[in-house]
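The next block is work05.txt, given as compact mmCIF, C-alpha atoms.
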```txt
# COMPACT_ATOMS: atom_id res chain seq x y z
CA MET W 1 81.58 37.34 0.15
CA LYS W 2 83.05 40.82 -0.39
CA SER W 3 81.27 43.51 1.60
CA SER W 4 80.36 46.71 -0.25
CA ASN W 5 79.44 50.20 0.91
CA ILE W 6 76.02 50.12 -0.68
CA GLY W 7 72.89 49.89 1.43
CA GLY W 8 69.29 50.90 1.16
CA GLN W 9 65.69 50.45 2.14
CA ALA W 10 62.32 49.76 0.62
CA VAL W 11 59.97 52.69 0.00
CA LEU W 12 56.43 52.86 -1.38
CA GLU W 13 56.54 50.87 -4.64
CA GLY W 14 60.27 51.32 -4.88
CA ILE W 15 63.79 51.16 -3.51
CA MET W 16 66.27 53.66 -2.11
CA MET W 17 69.93 52.78 -2.52
CA LYS W 18 72.77 54.75 -0.91
CA ASN W 19 76.48 54.60 -1.69
CA ARG W 20 78.75 56.90 0.31
CA ASP W 21 77.53 60.48 -0.32
CA ARG W 22 74.95 59.72 -2.99
CA TYR W 23 71.60 58.04 -2.94
CA ALA W 24 68.99 57.14 -5.53
CA VAL W 25 65.28 56.46 -5.26
CA ALA W 26 63.69 54.28 -7.94
CA VAL W 27 59.89 54.14 -7.93
CA ARG W 28 57.45 52.22 -10.09
CA LYS W 29 54.94 54.92 -11.01
CA PRO W 30 51.20 54.18 -11.35
CA ASP W 31 51.59 54.13 -15.17
CA GLY W 32 54.27 51.40 -14.88
CA GLU W 33 57.26 53.63 -15.70
CA ILE W 34 60.30 53.44 -13.40
CA PHE W 35 61.35 56.90 -12.21
CA VAL W 36 64.86 57.29 -10.77
CA GLN W 37 66.11 60.35 -8.89
CA THR W 38 69.69 60.72 -7.65
CA GLU W 39 70.69 63.16 -4.91
CA GLU W 40 73.69 64.09 -2.79
CA PHE W 41 73.42 62.87 0.79
CA HIS W 42 73.91 65.38 3.60
CA SER W 43 74.40 64.12 7.15
CA VAL W 44 72.50 65.69 10.04
CA THR W 45 75.91 66.33 11.61
CA GLY W 46 76.60 69.02 9.00
CA ARG W 47 80.23 70.17 9.07
CA TYR W 48 80.92 67.77 11.96
CA LYS W 49 80.68 64.81 9.63
CA LYS W 50 83.61 63.12 11.36
CA LEU W 51 81.12 62.13 14.09
CA THR W 52 79.81 59.52 11.63
CA THR W 53 83.25 57.84 11.50
CA ILE W 54 84.23 57.58 15.21
CA PRO W 55 83.64 54.02 16.51
CA PHE W 56 80.77 53.64 19.02
CA ILE W 57 79.75 57.26 18.45
CA ARG W 58 79.09 56.92 14.72
CA GLY W 59 76.32 54.39 15.31
CA VAL W 60 74.05 56.98 16.92
CA PHE W 61 74.49 59.56 14.15
CA ASN W 62 74.34 57.00 11.35
CA PHE W 63 71.08 55.72 12.83
CA ILE W 64 69.65 59.25 12.89
CA ASP W 65 70.87 59.83 9.32
CA SER W 66 69.19 56.59 8.21
CA MET W 67 65.94 57.54 9.90
CA VAL W 68 65.87 61.04 8.38
CA LEU W 69 66.80 59.79 4.91
CA GLY W 70 64.30 56.96 5.20
CA ILE W 71 61.43 59.32 6.01
CA LYS W 72 62.47 61.72 3.25
CA THR W 73 62.63 59.03 0.56
CA LEU W 74 59.43 57.36 1.77
CA THR W 75 57.61 60.70 1.50
CA PHE W 76 59.10 61.22 -1.97
CA SER W 77 57.92 57.81 -3.18
CA ALA W 78 54.43 58.41 -1.78
CA SER W 79 54.17 61.67 -3.78
CA PHE W 80 53.82 59.68 -7.01
CA TYR W 81 50.54 58.32 -5.75
CA GLU W 82 49.21 61.75 -4.81
CA GLU W 83 49.94 63.58 -8.07
CA GLU W 84 46.37 63.53 -9.36
CA GLU W 85 45.13 65.07 -6.13
CA GLU W 86 47.89 67.69 -6.13
CA LYS W 87 46.92 68.96 -9.59
CA GLU W 88 43.68 70.26 -8.13
CA PHE W 89 45.55 72.82 -5.96
CA SER W 90 46.89 76.20 -6.97
CA GLU W 91 50.62 76.90 -6.46
CA ALA W 92 49.97 78.85 -3.23
CA GLU W 93 47.63 76.18 -1.93
CA GLN W 94 50.15 73.51 -2.82
CA LYS W 95 52.93 75.27 -0.86
CA LYS W 96 50.62 75.59 2.13
CA LYS W 97 49.71 71.90 1.84
CA GLU W 98 53.40 70.91 1.66
CA LYS W 99 54.17 72.98 4.76
CA GLN W 100 51.30 71.34 6.65
CA GLU W 101 52.49 67.91 5.55
CA SER W 102 56.03 68.75 6.67
CA LEU W 103 54.79 69.76 10.12
CA LEU W 104 52.61 66.68 10.30
CA MET W 105 55.57 64.50 9.33
CA ALA W 106 57.76 66.09 12.03
CA GLY W 107 55.03 65.51 14.60
CA THR W 108 54.59 61.93 13.43
CA VAL W 109 58.32 61.26 13.71
CA ALA W 110 58.50 62.74 17.21
CA PHE W 111 55.46 60.74 18.31
CA SER W 112 56.88 57.56 16.75
CA ILE W 113 60.16 57.92 18.64
CA VAL W 114 58.41 58.50 21.95
CA ALA W 115 56.01 55.61 21.28
CA ALA W 116 58.88 53.27 20.34
CA VAL W 117 60.78 54.09 23.54
CA ALA W 118 57.62 53.62 25.61
CA ILE W 119 56.62 50.33 23.96
CA PHE W 120 60.00 48.68 23.50
CA MET W 121 61.95 50.01 26.50
CA ILE W 122 59.58 51.14 29.25
CA LEU W 123 56.64 48.73 28.87
CA PRO W 124 58.82 45.57 29.10
CA TYR W 125 60.37 46.95 32.30
CA PHE W 126 56.99 47.49 33.95
CA LEU W 127 55.73 44.08 32.81
CA SER W 128 58.80 42.34 34.24
CA SER W 129 58.44 44.36 37.47
CA LEU W 130 55.05 42.74 38.02
CA MET W 131 56.89 39.44 38.42
CA LYS W 132 58.90 40.62 41.43
CA PRO W 133 56.78 38.66 43.97
CA VAL W 134 57.48 35.38 42.15
CA VAL W 135 60.89 36.28 40.64
CA PRO W 136 62.87 38.09 43.36
CA SER W 137 66.16 38.03 41.39
CA TYR W 138 66.86 41.39 39.71
CA HIS W 139 69.12 39.79 37.13
CA LEU W 140 66.57 37.14 36.18
CA ARG W 141 63.85 39.78 35.84
CA THR W 142 66.17 41.82 33.61
CA VAL W 143 66.68 38.81 31.34
CA ILE W 144 62.91 38.22 31.27
CA GLU W 145 62.43 41.91 30.45
CA GLY W 146 64.78 41.53 27.49
CA PHE W 147 62.90 38.54 26.11
CA VAL W 148 59.59 40.37 26.60
CA ARG W 149 61.07 43.25 24.57
CA ILE W 150 62.09 40.89 21.77
CA GLY W 151 58.67 39.24 21.91
CA ILE W 152 56.88 42.59 21.54
CA PHE W 153 59.13 43.40 18.56
CA ILE W 154 58.27 40.12 16.82
CA ILE W 155 54.54 40.50 17.51
CA TYR W 156 54.70 44.04 16.09
CA ILE W 157 56.29 42.75 12.86
CA LEU W 158 53.71 39.97 12.57
CA LEU W 159 50.85 42.44 12.99
CA ILE W 160 52.03 45.02 10.44
CA SER W 161 52.92 42.27 7.95
CA ARG W 162 49.19 41.59 7.56
CA MET W 163 48.72 45.01 5.87
CA GLU W 164 48.70 44.86 2.06
CA ASP W 165 50.99 47.90 1.57
CA ILE W 166 53.47 46.50 4.08
CA GLN W 167 53.45 43.13 2.32
CA ARG W 168 54.49 44.83 -0.93
CA THR W 169 57.10 46.89 0.94
CA PHE W 170 58.55 43.67 2.38
CA MET W 171 58.78 42.34 -1.20
CA TYR W 172 60.77 45.42 -2.24
CA HIS W 173 62.87 44.93 0.93
CA GLY W 174 63.64 41.44 -0.35
CA ALA W 175 64.61 42.86 -3.75
CA GLU W 176 66.99 45.31 -2.06
CA HIS W 177 68.77 42.54 -0.17
CA LYS W 178 68.91 40.28 -3.21
CA CYS W 179 70.60 42.99 -5.29
CA ILE W 180 73.25 43.65 -2.65
CA ASN W 181 73.89 39.92 -2.14
CA CYS W 182 74.16 39.44 -5.90
CA ILE W 183 76.81 42.18 -6.12
CA GLU W 184 78.75 41.01 -3.07
CA HIS W 185 78.95 37.46 -4.41
CA GLY W 186 80.52 38.68 -7.65
CA LEU W 187 77.56 37.98 -9.93
CA PRO W 188 76.47 40.26 -12.80
CA LEU W 189 73.47 42.34 -11.75
CA THR W 190 70.76 40.71 -13.87
CA VAL W 191 67.16 39.89 -13.00
CA GLU W 192 67.92 36.17 -13.05
CA ASN W 193 71.00 36.44 -10.79
CA VAL W 194 69.19 38.74 -8.36
CA ARG W 195 66.18 36.41 -8.25
CA ASN W 196 68.47 33.51 -7.29
CA SER W 197 70.26 35.48 -4.54
CA SER W 198 69.36 35.41 -0.84
CA ARG W 199 66.82 37.87 0.51
CA GLN W 200 68.64 37.97 3.88
CA HIS W 201 71.63 40.20 4.59
CA LYS W 202 73.74 40.59 7.73
CA ARG W 203 73.81 44.41 7.54
CA CYS W 204 70.03 44.76 7.46
CA GLY W 205 68.30 47.29 9.72
CA THR W 206 66.17 44.46 11.10
CA SER W 207 69.34 42.80 12.41
CA PHE W 208 70.45 46.15 13.85
CA LEU W 209 67.19 46.42 15.82
CA PHE W 210 67.61 42.87 17.10
CA PHE W 211 71.14 43.68 18.28
CA VAL W 212 69.75 46.77 20.05
CA LEU W 213 67.24 44.59 21.89
CA ALA W 214 69.77 41.87 22.72
CA ILE W 215 72.62 44.19 23.79
CA SER W 216 70.22 46.11 26.02
CA ILE W 217 69.87 42.93 28.10
CA ILE W 218 73.64 42.74 28.67
CA LEU W 219 74.11 46.42 29.54
CA LEU W 220 71.13 46.51 31.89
CA LEU W 221 72.50 43.47 33.70
CA LEU W 222 75.75 45.36 34.27
CA ILE W 223 74.18 48.63 35.42
CA ARG W 224 71.92 48.17 38.43
CA VAL W 225 70.07 50.93 40.27
CA GLU W 226 67.59 50.53 43.11
CA SER W 227 65.10 53.33 42.44
CA PRO W 228 62.27 52.35 40.02
CA LEU W 229 62.35 55.87 38.59
CA MET W 230 66.10 55.70 37.99
CA ARG W 231 65.68 52.34 36.30
CA VAL W 232 63.41 54.01 33.76
CA VAL W 233 65.88 56.91 33.36
CA VAL W 234 68.77 54.48 32.87
CA ARG W 235 66.88 52.62 30.13
CA ILE W 236 66.32 55.83 28.22
CA ALA W 237 69.81 57.24 28.86
CA LEU W 238 71.48 54.04 27.68
CA LEU W 239 69.80 54.09 24.28
CA PRO W 240 72.63 56.02 22.52
CA VAL W 241 75.19 53.64 24.06
CA ILE W 242 73.16 50.58 23.02
CA ALA W 243 72.77 51.97 19.49
CA GLY W 244 76.50 52.70 19.27
CA VAL W 245 77.52 49.21 20.36
CA SER W 246 74.87 47.59 18.14
CA TYR W 247 76.14 49.47 15.10
CA GLU W 248 79.69 48.21 15.67
CA VAL W 249 78.47 44.62 16.04
CA LEU W 250 76.40 44.97 12.85
CA LYS W 251 79.36 46.45 10.96
CA LEU W 252 81.59 43.60 12.17
CA ALA W 253 78.98 41.06 11.10
CA GLY W 254 78.74 42.60 7.63
CA ASN W 255 82.52 42.44 7.11
CA SER W 256 83.25 39.01 8.58
CA ASP W 257 82.53 35.38 7.81
CA ASN W 258 83.88 34.25 11.20
CA PRO W 259 81.75 31.32 12.48
CA PHE W 260 81.14 33.03 15.84
CA VAL W 261 80.10 36.28 14.16
CA ASN W 262 77.81 34.31 11.84
CA LEU W 263 76.25 32.69 14.90
CA LEU W 264 75.56 36.11 16.41
CA SER W 265 73.89 37.13 13.15
CA LYS W 266 71.53 34.15 12.96
CA PRO W 267 68.67 35.52 15.16
CA GLY W 268 68.53 38.79 13.20
CA MET W 269 68.70 36.88 9.91
CA ALA W 270 65.83 34.68 11.10
CA ILE W 271 63.68 37.74 11.88
CA GLN W 272 64.45 39.02 8.38
CA LYS W 273 62.38 36.15 7.05
CA MET W 274 59.40 38.09 8.41
CA THR W 275 60.46 41.53 7.10
CA THR W 276 61.41 40.40 3.59
CA SER W 277 59.44 38.49 0.96
CA GLU W 278 60.26 37.15 -2.46
CA PRO W 279 59.89 39.99 -5.00
CA ASP W 280 58.54 39.70 -8.53
CA ASP W 281 60.72 40.49 -11.54
CA GLY W 282 59.27 44.00 -11.85
CA MET W 283 60.40 44.83 -8.32
CA ILE W 284 63.85 43.44 -9.07
CA GLU W 285 64.08 45.71 -12.13
CA VAL W 286 63.32 48.71 -9.89
CA ALA W 287 66.01 47.64 -7.41
CA ILE W 288 68.61 47.17 -10.18
CA GLN W 289 67.98 50.68 -11.51
CA ALA W 290 68.34 52.12 -7.99
CA VAL W 291 71.69 50.34 -7.59
CA GLU W 292 73.05 51.34 -11.00
CA ALA W 293 72.21 55.00 -10.36
CA VAL W 294 74.77 55.22 -7.52
CA PHE W 295 77.04 52.16 -7.74
CA ASP W 296 79.31 50.86 -10.49
CA TRP W 297 78.86 47.15 -9.84
CA ARG W 298 80.90 46.20 -12.91
CA ALA W 299 83.99 48.01 -11.55
CA TYR W 300 83.34 46.49 -8.11
CA GLU W 301 83.15 43.02 -9.64
CA ARG W 302 86.31 43.62 -11.65
CA ASP W 303 88.27 44.96 -8.66
CA ASN W 304 87.15 42.35 -6.14
CA PHE W 305 86.59 39.20 -8.16
CA HIS W 306 89.16 39.66 -10.96
CA THR W 307 86.68 39.08 -13.74
CA SER W 308 87.35 40.15 -17.28
```

Would you mind writing the structure in this file as structure tokens?
Amino acid sequence: MKSSNIGGQAVLEGIMMKNRDRYAVAVRKPDGEIFVQTEEFHSVTGRYKKLTTIPFIRGVFNFIDSMVLGIKTLTFSASFYEEEEEKEFSEAEQKKKEKQESLLMAGTVAFSIVAAVAIFMILPYFLSSLMKPVVPSYHLRTVIEGFVRIGIFIIYILLISRMEDIQRTFMYHGAEHKCINCIEHGLPLTVENVRNSSRQHKRCGTSFLFFVLAISIILLLLIRVESPLMRVVVRIALLPVIAGVSYEVLKLAGNSDNPFVNLLSKPGMAIQKMTTSEPDDGMIEVAIQAVEAVFDWRAYERDNFHTS
């Protein structure tokens, strides 16, 4: 398999695909038409873009970039399902509404980050601390804490996967992976070839989150502090380090077919079975249009697989 630079995510009734400094969002509109918009990508680092290329540091900024772009494209895709409501507003009222929505989105993002840290980093620590009377070993409790963290993550995925909108998003997520796998295996990007490709991919964000959870176990075993308060501080302070290391592991996994690297990728790939579903042909068509808006797969196939 030849790794490519293309990556993406599922949005509401559509797909976002990014290739280097360009990204495209393809959305299936309520009337059935596929709308595609292509934009230049601008990193949150601004003129310090080199920060996104320095090993172990780039992971933090690339994660932030992905989160910001993900929210932006998700909001854009949702706008197609609010158009009828928006027509009822005057231009001034619409601007005011957009500003309110922007503030609400910023507040939602901030709350989500705090909630994620509290649920996935702090809560597992406190739950494992309750076991101190029966598990006196700090290192064993840290390992238990890590597995509790992974367990909470899996339960969270299982719960949200019961929502109808999320189920469709997971189908588009599957279409995204299938398109990238189709390209990276040297196959022409057709509906049939995409349908027959795998819906799991080693560079998936789901795998990245699993690596974050798993690597946190290792780093917390190495860094021990006695104060309960400092243990909480350490868990928060280590997040950029954990994200940086996890990104490098994910990047290595995406560029290697080494048996050991493949073994490391298996848990994340297994969890992807819960975050991706088999798409229908209409979803695959949306994904193909998103890819073709930013990526010349024919040139990639010709350069990497020597096809005519």

With distances taken over only C-alpha atoms, which of W:Ser265, W:Asn304, W:Asn193, W:Ser43 is nearest to Phe211 (chain W)? W:Ser265

Taken to one decimal, the CA of Pro228 (chain W)-CA of Arg141 (chain W) distance is 13.3 Å

Contacts of Glu292 (chain W) at 12 Å (all atoms listed in the file; same-chain gap of 3+ positions) as a PDB file with C-alpha atoms, in the frame of the given file:
```
ATOM      1  CA  ILE W   6      76.020  50.120  -0.680  1.00  0.00           C
ATOM      2  CA  ILE W  15      63.790  51.160  -3.510  1.00  0.00           C
ATOM      3  CA  MET W  16      66.270  53.660  -2.110  1.00  0.00           C
ATOM      4  CA  MET W  17      69.930  52.780  -2.520  1.00  0.00           C
ATOM      5  CA  LYS W  18      72.770  54.750  -0.910  1.00  0.00           C
ATOM      6  CA  ASN W  19      76.480  54.600  -1.690  1.00  0.00           C
ATOM      7  CA  ARG W  22      74.950  59.720  -2.990  1.00  0.00           C
ATOM      8  CA  TYR W  23      71.600  58.040  -2.940  1.00  0.00           C
ATOM      9  CA  ALA W  24      68.990  57.140  -5.530  1.00  0.00           C
ATOM     10  CA  VAL W  25      65.280  56.460  -5.260  1.00  0.00           C
ATOM     11  CA  ALA W  26      63.690  54.280  -7.940  1.00  0.00           C
ATOM     12  CA  VAL W  36      64.860  57.290 -10.770  1.00  0.00           C
ATOM     13  CA  GLN W  37      66.110  60.350  -8.890  1.00  0.00           C
ATOM     14  CA  THR W  38      69.690  60.720  -7.650  1.00  0.00           C
ATOM     15  CA  CYS W 179      70.600  42.990  -5.290  1.00  0.00           C
ATOM     16  CA  ILE W 180      73.250  43.650  -2.650  1.00  0.00           C
ATOM     17  CA  ILE W 183      76.810  42.180  -6.120  1.00  0.00           C
ATOM     18  CA  PRO W 188      76.470  40.260 -12.800  1.00  0.00           C
ATOM     19  CA  LEU W 189      73.470  42.340 -11.750  1.00  0.00           C
ATOM     20  CA  THR W 190      70.760  40.710 -13.870  1.00  0.00           C
ATOM     21  CA  GLU W 285      64.080  45.710 -12.130  1.00  0.00           C
ATOM     22  CA  VAL W 286      63.320  48.710  -9.890  1.00  0.00           C
ATOM     23  CA  ALA W 287      66.010  47.640  -7.410  1.00  0.00           C
ATOM     24  CA  ILE W 288      68.610  47.170 -10.180  1.00  0.00           C
ATOM     25  CA  GLN W 289      67.980  50.680 -11.510  1.00  0.00           C
ATOM     26  CA  PHE W 295      77.040  52.160  -7.740  1.00  0.00           C
ATOM     27  CA  ASP W 296      79.310  50.860 -10.490  1.00  0.00           C
ATOM     28  CA  TRP W 297      78.860  47.150  -9.840  1.00  0.00           C
ATOM     29  CA  ARG W 298      80.900  46.200 -12.910  1.00  0.00           C
ATOM     30  CA  ALA W 299      83.990  48.010 -11.550  1.00  0.00           C
ATOM     31  CA  TYR W 300      83.340  46.490  -8.110  1.00  0.00           C
TER      32      TYR W 300
END
```

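For the atom pair formed by CA of His185 (chain W) and CA of Ser246 (chain W), the distance is 25.1 Å, given to one decimal.
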
Residues within 12 Å of Phe170 (chain W), only C-alpha atoms, excluding chain neighbours under 4 positions, as an MDAnalysis selection string: chainID W and resid 9:15 157:158 160:166 174:177 199:200 206 272:280 283

Work out where the centre of an axis-aligned box around every listed atom of region 16-22 of chain W lies and how long its edges are once 8 Å is added on each side; give both in Å to one decimal as AutoDock Vina command-line options.
```
--center_x 72.5 --center_y 56.6 --center_z -1.3 --size_x 28.5 --size_y 23.7 --size_z 19.3
```

Quick one: residues within 12 Å of Ala214 (chain W), all atoms listed in the file, excluding same-chain residues fewer than 2 positions away - as JSON, numbers by chain? {"W": [120, 121, 142, 143, 144, 145, 146, 147, 148, 149, 150, 151, 153, 207, 208, 209, 210, 211, 212, 216, 217, 218, 219, 220, 221, 242, 243, 245, 246, 249, 264, 265, 267, 268]}

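Between CA of Ile154 (chain W) and CA of Met269 (chain W) there is a distance of 12.9 Å.
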